[in-house]
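Participant: Supplied structure: start19.cif, mmCIF, C-alpha atoms.
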```
data_entry
#
loop_
_atom_site.group_PDB
_atom_site.id
_atom_site.type_symbol
_atom_site.label_atom_id
_atom_site.label_comp_id
_atom_site.auth_asym_id
_atom_site.auth_seq_id
_atom_site.Cartn_x
_atom_site.Cartn_y
_atom_site.Cartn_z
ATOM 1 C CA GLN J 50 22.836 113.563 92.705
ATOM 2 C CA VAL J 51 20.285 114.299 90.010
ATOM 3 C CA ARG J 52 18.655 111.723 87.745
ATOM 4 C CA LEU J 53 17.049 112.787 84.465
ATOM 5 C CA VAL J 54 14.623 110.759 82.372
ATOM 6 C CA GLU J 55 13.516 111.985 78.956
ATOM 7 C CA SER J 56 10.399 110.943 77.080
ATOM 8 C CA GLY J 57 8.323 112.027 74.113
ATOM 9 C CA GLY J 58 10.580 111.315 71.173
ATOM 10 C CA GLY J 59 9.453 109.500 68.067
ATOM 11 C CA LEU J 60 8.884 109.652 64.341
ATOM 12 C CA VAL J 61 7.075 112.661 62.921
ATOM 13 C CA GLN J 62 6.505 114.039 59.440
ATOM 14 C CA PRO J 63 8.041 117.348 58.357
ATOM 15 C CA GLY J 64 5.923 120.214 59.643
ATOM 16 C CA GLY J 65 4.705 118.167 62.577
ATOM 17 C CA SER J 66 5.103 118.672 66.317
ATOM 18 C CA LEU J 67 6.448 116.777 69.300
ATOM 19 C CA ARG J 68 6.777 117.585 72.976
ATOM 20 C CA LEU J 69 9.717 116.238 74.918
ATOM 21 C CA SER J 70 9.638 115.891 78.687
ATOM 22 C CA CYS J 71 12.491 115.589 81.163
ATOM 23 C CA ALA J 72 11.582 114.413 84.639
ATOM 24 C CA ALA J 73 14.192 115.057 87.299
ATOM 25 C CA SER J 74 14.678 113.424 90.677
ATOM 26 C CA GLY J 75 17.117 114.221 93.443
ATOM 27 C CA SER J 76 18.225 117.494 94.964
ATOM 28 C CA MET J 77 17.593 120.587 92.850
ATOM 29 C CA LEU J 78 19.234 122.975 95.316
ATOM 30 C CA SER J 79 22.401 123.460 93.279
ATOM 31 C CA ILE J 80 20.781 123.428 89.844
ATOM 32 C CA HIS J 81 21.299 126.694 87.988
ATOM 33 C CA VAL J 82 20.299 126.052 84.391
ATOM 34 C CA ARG J 83 18.209 123.389 82.693
ATOM 35 C CA GLY J 84 18.122 122.697 79.029
ATOM 36 C CA TRP J 85 18.067 120.509 75.964
ATOM 37 C CA TYR J 86 20.891 119.506 73.656
ATOM 38 C CA ARG J 87 20.844 117.342 70.572
ATOM 39 C CA GLN J 88 23.283 115.200 68.642
ATOM 40 C CA ALA J 89 22.711 114.170 65.064
ATOM 41 C CA SER J 90 24.549 111.195 63.638
ATOM 42 C CA GLY J 91 28.158 112.126 62.890
ATOM 43 C CA ASN J 92 27.839 115.543 64.518
ATOM 44 C CA GLN J 93 28.840 117.034 67.833
ATOM 45 C CA ARG J 94 26.290 117.585 70.557
ATOM 46 C CA GLU J 95 24.798 121.062 70.290
ATOM 47 C CA LEU J 96 22.732 123.351 72.452
ATOM 48 C CA VAL J 97 19.039 123.598 71.597
ATOM 49 C CA ALA J 98 17.543 125.650 74.423
ATOM 50 C CA THR J 99 18.052 126.538 78.073
ATOM 51 C CA ILE J 100 15.943 127.944 80.886
ATOM 52 C CA THR J 101 17.152 129.410 84.176
ATOM 53 C CA GLY J 102 15.503 129.245 87.567
ATOM 54 C CA SER J 103 14.060 132.713 86.982
ATOM 55 C CA GLY J 104 12.571 131.617 83.673
ATOM 56 C CA SER J 105 14.999 133.275 81.285
ATOM 57 C CA THR J 106 15.316 131.318 78.066
ATOM 58 C CA ASN J 107 17.905 130.968 75.352
ATOM 59 C CA TYR J 108 17.596 129.234 71.980
ATOM 60 C CA ALA J 109 19.848 128.129 69.180
ATOM 61 C CA ASN J 110 19.256 130.228 66.089
ATOM 62 C CA SER J 111 18.185 127.153 64.154
ATOM 63 C CA VAL J 112 15.167 126.554 66.430
ATOM 64 C CA LYS J 113 14.094 130.092 67.334
ATOM 65 C CA GLY J 114 10.424 130.644 66.651
ATOM 66 C CA ARG J 115 9.757 126.895 66.344
ATOM 67 C CA PHE J 116 10.776 125.403 69.702
ATOM 68 C CA THR J 117 9.712 126.479 73.178
ATOM 69 C CA ILE J 118 11.346 125.407 76.427
ATOM 70 C CA SER J 119 9.362 125.534 79.653
ATOM 71 C CA ALA J 120 9.557 124.176 83.179
ATOM 72 C CA ASP J 121 7.175 122.994 85.856
ATOM 73 C CA ASN J 122 9.167 123.527 89.035
ATOM 74 C CA ALA J 123 6.597 121.772 91.210
ATOM 75 C CA LYS J 124 7.060 118.621 89.135
ATOM 76 C CA ASN J 125 10.814 119.089 88.543
ATOM 77 C CA THR J 126 10.076 118.654 84.855
ATOM 78 C CA VAL J 127 11.353 120.518 81.819
ATOM 79 C CA TYR J 128 9.613 120.447 78.465
ATOM 80 C CA LEU J 129 10.599 121.152 74.884
ATOM 81 C CA GLN J 130 7.706 121.887 72.560
ATOM 82 C CA MET J 131 8.885 121.416 68.984
ATOM 83 C CA ASN J 132 6.746 122.742 66.143
ATOM 84 C CA SER J 133 7.284 122.991 62.389
ATOM 85 C CA LEU J 134 9.801 120.189 62.584
ATOM 86 C CA LYS J 135 12.301 119.771 59.769
ATOM 87 C CA PRO J 136 14.349 116.746 58.680
ATOM 88 C CA GLU J 137 17.455 118.520 59.975
ATOM 89 C CA ASP J 138 15.961 118.415 63.481
ATOM 90 C CA THR J 139 16.499 114.657 63.453
ATOM 91 C CA ALA J 140 18.787 113.787 66.363
ATOM 92 C CA VAL J 141 19.010 112.268 69.799
ATOM 93 C CA TYR J 142 17.790 114.898 72.240
ATOM 94 C CA TYR J 143 19.359 115.061 75.686
ATOM 95 C CA CYS J 144 18.118 116.778 78.803
ATOM 96 C CA ASN J 145 20.795 118.664 80.743
ATOM 97 C CA PHE J 146 20.737 120.131 84.243
ATOM 98 C CA ARG J 147 23.752 122.172 85.292
ATOM 99 C CA GLU J 148 24.885 123.092 88.772
ATOM 100 C CA LEU J 149 26.223 126.492 89.809
ATOM 101 C CA SER J 150 29.649 124.847 89.752
ATOM 102 C CA ASP J 151 28.947 124.034 86.079
ATOM 103 C CA PHE J 152 28.795 120.301 86.788
ATOM 104 C CA PRO J 153 26.391 118.747 84.262
ATOM 105 C CA TYR J 154 23.821 115.997 84.614
ATOM 106 C CA TRP J 155 22.583 114.251 81.470
ATOM 107 C CA GLY J 156 19.629 112.116 80.630
ATOM 108 C CA GLN J 157 19.872 108.982 78.499
ATOM 109 C CA GLY J 158 18.519 110.721 75.400
ATOM 110 C CA THR J 159 15.426 110.317 73.270
ATOM 111 C CA GLN J 160 15.403 109.870 69.499
ATOM 112 C CA VAL J 161 13.537 112.364 67.338
ATOM 113 C CA THR J 162 13.207 111.474 63.666
ATOM 114 C CA VAL J 163 11.609 113.862 61.188
ATOM 115 C CA SER J 164 10.862 112.083 57.942
ATOM 116 C CA SER J 165 8.102 111.538 55.441
#
```
Show me this structure written as structure tokens.
Facilitator:
Amino acid sequence: QVRLVESGGGLVQPGGSLRLSCAASGSMLSIHVRGWYRQASGNQRELVATITGSGSTNYANSVKGRFTISADNAKNTVYLQMNSLKPEDTAVYYCNFRELSDFPYWGQGTQVTVSS
């Protein structure tokens, strides 16, 4: 069993930055991919970025060049550095760890609001 706890969300002005953190506890032996998703009000949850155990990353086109996903394996923590934030980045951001079997673990979510 894996437990995920996100932090770092908040209110930021357009053009600003935030860094989200996802601290994981439990067994990481079966974890294959870690990542971030987001869900804006009235929309479906969508992929933001992923990182594999070998460090390979993948980003949604809408965040490429602005967001960076990274991981500290010693701390079992995944980060999402978000720069040049736009109002359309406003959403609840969820941490996701996925097993080799494709079973997903989700955090409780953290609200990011980009507004002046």
Participant: If we count all atoms listed in the file and set the cut-off at 8 Å, which residues sit around Ser66 in chain J, ignoring sequence neighbours fewer than 4 positions away in its own chain? Please answer as a PyMOL selection string.
Facilitator: chain J and resi 61+130-134
Participant: Using all atoms of range 65-80 of chain J that appear in the file, construct an axis-aligned enclosing box with 5 Å of padding on every side and provide its centre coordinates and edge lengths in Å, rounded to one decimal, as AutoDock Vina command-line options.
Facilitator:
```
--center_x 13.6 --center_y 118.4 --center_z 78.9 --size_x 27.7 --size_y 20.0 --size_z 42.7
```
Participant: Evaluate the PyMOL selection byres ((chain J and resi 76) around 12) against this structure - the residues, as a ChimeraX atom specification, please.
Facilitator: /J:50-53,73-75,77-81,125,146,148,154
Participant: Please provide the set of residues having any atom within 8 Å of range 102-107 of chain J, restricted to only C-alpha atoms, with same-chain residues fewer than 5 positions apart removed, written as a list in words.
Facilitator: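 That gives His81, Val82, Ile118 and Ser119 of chain J.
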Participant: What residues have an atom no more than 12 Å from (23.9, 123.4, 71.6) in the file's own frame, counting only C-alpha atoms, and can you write them as a list in words?
Facilitator: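 Nearby residues: Gly84, Trp85, Tyr86, Arg87, Gln88, Ala89, Asn92, Gln93, Arg94, Glu95, Leu96, Val97, Ala98, Thr99, Asn107, Tyr108, Ala109, Asn110, Ser111, Val112, Tyr142, Tyr143, Cys144 and Asn145 of chain J.
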Participant: Given the file shown, enumerate the residues that the PyMOL selection byres ((chain J and resi 139) around 6) captures and present them as a list in words.
Facilitator: Pro136, Glu137, Asp138, Ala140, Val161, Thr162 and Val163 of chain J
Participant: In Å, with one decimal, what is the gap from CA of Ser164 in chain J to CA of Leu60 in chain J?
Facilitator: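 These two atoms are separated by 7.1 Å.
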Participant: Taking only C-alpha atoms into account, which of J:Gln157, J:Gln62, J:Ser150, J:Thr117 comes nearest Ile100 in chain J?
Facilitator: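 Checking each of J:Gln157, J:Gln62, J:Ser150, J:Thr117 against Ile100 in chain J, counting only C-alpha atoms, the winner is J:Thr117.
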Participant: Kindly give the distance, in Å, that separates CA of Gly114 in chain J and CA of Val127 in chain J, rounded to a single decimal.
Facilitator: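 Result for CA of Gly114 in chain J versus CA of Val127 in chain J: 18.3 Å, one decimal.
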Participant: To one decimal place in Å, what is the distance between CA of Ser56 in chain J and CA of Thr101 in chain J?
Facilitator: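 CA of Ser56 in chain J sits 20.9 Å away from CA of Thr101 in chain J.
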Participant: Between J:Phe116, J:Gly91, J:Arg83, J:Val54, which one has atoms that come closest to Arg68 in chain J, using only C-alpha atoms?
Facilitator: J:Phe116
Participant: Mind completing range 133-158 of chain J with N, CA and C atoms? Output as an mmCIF file, in the frame of the given file, please?
Facilitator:
```cif
data_model
loop_
_atom_site.group_PDB
_atom_site.id
_atom_site.type_symbol
_atom_site.label_atom_id
_atom_site.label_comp_id
_atom_site.auth_asym_id
_atom_site.auth_seq_id
_atom_site.Cartn_x
_atom_site.Cartn_y
_atom_site.Cartn_z
ATOM 1 N N SER J 133 6.736 122.795 63.731
ATOM 2 C CA SER J 133 7.284 122.991 62.389
ATOM 3 C C SER J 133 8.592 122.227 62.213
ATOM 4 N N LEU J 134 8.577 120.988 62.611
ATOM 5 C CA LEU J 134 9.801 120.189 62.584
ATOM 6 C C LEU J 134 10.302 119.971 61.161
ATOM 7 N N LYS J 135 11.622 119.942 61.049
ATOM 8 C CA LYS J 135 12.301 119.771 59.769
ATOM 9 C C LYS J 135 13.161 118.507 59.819
ATOM 10 N N PRO J 136 13.479 117.927 58.680
ATOM 11 C CA PRO J 136 14.349 116.746 58.680
ATOM 12 C C PRO J 136 15.682 117.009 59.390
ATOM 13 N N GLU J 137 16.183 118.222 59.321
ATOM 14 C CA GLU J 137 17.455 118.520 59.975
ATOM 15 C C GLU J 137 17.344 118.603 61.500
ATOM 16 N N ASP J 138 16.137 118.503 62.028
ATOM 17 C CA ASP J 138 15.961 118.415 63.481
ATOM 18 C C ASP J 138 16.146 116.984 63.984
ATOM 19 N N THR J 139 16.296 116.043 63.073
ATOM 20 C CA THR J 139 16.499 114.657 63.453
ATOM 21 C C THR J 139 17.775 114.504 64.267
ATOM 22 N N ALA J 140 17.645 113.932 65.458
ATOM 23 C CA ALA J 140 18.787 113.787 66.363
ATOM 24 C C ALA J 140 18.339 113.055 67.617
ATOM 25 N N VAL J 141 19.310 112.701 68.433
ATOM 26 C CA VAL J 141 19.010 112.268 69.799
ATOM 27 C C VAL J 141 19.013 113.524 70.666
ATOM 28 N N TYR J 142 17.935 113.721 71.389
ATOM 29 C CA TYR J 142 17.790 114.898 72.240
ATOM 30 C C TYR J 142 18.074 114.522 73.690
ATOM 31 N N TYR J 143 18.925 115.319 74.317
ATOM 32 C CA TYR J 143 19.359 115.061 75.686
ATOM 33 C C TYR J 143 18.929 116.201 76.611
ATOM 34 N N CYS J 144 18.417 115.818 77.750
ATOM 35 C CA CYS J 144 18.118 116.778 78.803
ATOM 36 C C CYS J 144 19.403 117.046 79.593
ATOM 37 N N ASN J 145 19.586 118.273 80.013
ATOM 38 C CA ASN J 145 20.795 118.664 80.743
ATOM 39 C C ASN J 145 20.432 119.601 81.884
ATOM 40 N N PHE J 146 20.854 119.250 83.088
ATOM 41 C CA PHE J 146 20.737 120.131 84.243
ATOM 42 C C PHE J 146 22.161 120.475 84.667
ATOM 43 N N ARG J 147 22.387 121.748 84.968
ATOM 44 C CA ARG J 147 23.752 122.172 85.292
ATOM 45 C C ARG J 147 23.774 122.869 86.642
ATOM 46 N N GLU J 148 24.745 122.476 87.466
ATOM 47 C CA GLU J 148 24.885 123.092 88.772
ATOM 48 C C GLU J 148 25.575 124.454 88.659
ATOM 49 N N LEU J 149 25.510 125.218 89.760
ATOM 50 C CA LEU J 149 26.223 126.492 89.809
ATOM 51 C C LEU J 149 27.711 126.304 89.550
ATOM 52 N N SER J 150 28.239 125.162 89.979
ATOM 53 C CA SER J 150 29.649 124.847 89.752
ATOM 54 C C SER J 150 29.922 124.465 88.304
ATOM 55 N N ASP J 151 28.876 124.401 87.487
ATOM 56 C CA ASP J 151 28.947 124.034 86.079
ATOM 57 C C ASP J 151 28.994 122.523 85.871
ATOM 58 N N PHE J 152 28.849 121.747 86.946
ATOM 59 C CA PHE J 152 28.795 120.301 86.788
ATOM 60 C C PHE J 152 27.501 119.920 86.078
ATOM 61 N N PRO J 153 27.585 119.085 85.024
ATOM 62 C CA PRO J 153 26.391 118.747 84.262
ATOM 63 C C PRO J 153 25.819 117.374 84.598
ATOM 64 N N TYR J 154 24.513 117.282 84.564
ATOM 65 C CA TYR J 154 23.821 115.997 84.614
ATOM 66 C C TYR J 154 23.144 115.807 83.266
ATOM 67 N N TRP J 155 23.162 114.562 82.769
ATOM 68 C CA TRP J 155 22.583 114.251 81.470
ATOM 69 C C TRP J 155 21.572 113.130 81.582
ATOM 70 N N GLY J 156 20.531 113.232 80.780
ATOM 71 C CA GLY J 156 19.629 112.116 80.630
ATOM 72 C C GLY J 156 20.178 111.123 79.630
ATOM 73 N N GLN J 157 19.408 110.045 79.396
ATOM 74 C CA GLN J 157 19.872 108.982 78.499
ATOM 75 C C GLN J 157 19.624 109.309 77.033
ATOM 76 N N GLY J 158 18.803 110.311 76.770
ATOM 77 C CA GLY J 158 18.519 110.721 75.400
ATOM 78 C C GLY J 158 17.253 110.104 74.854
#
```
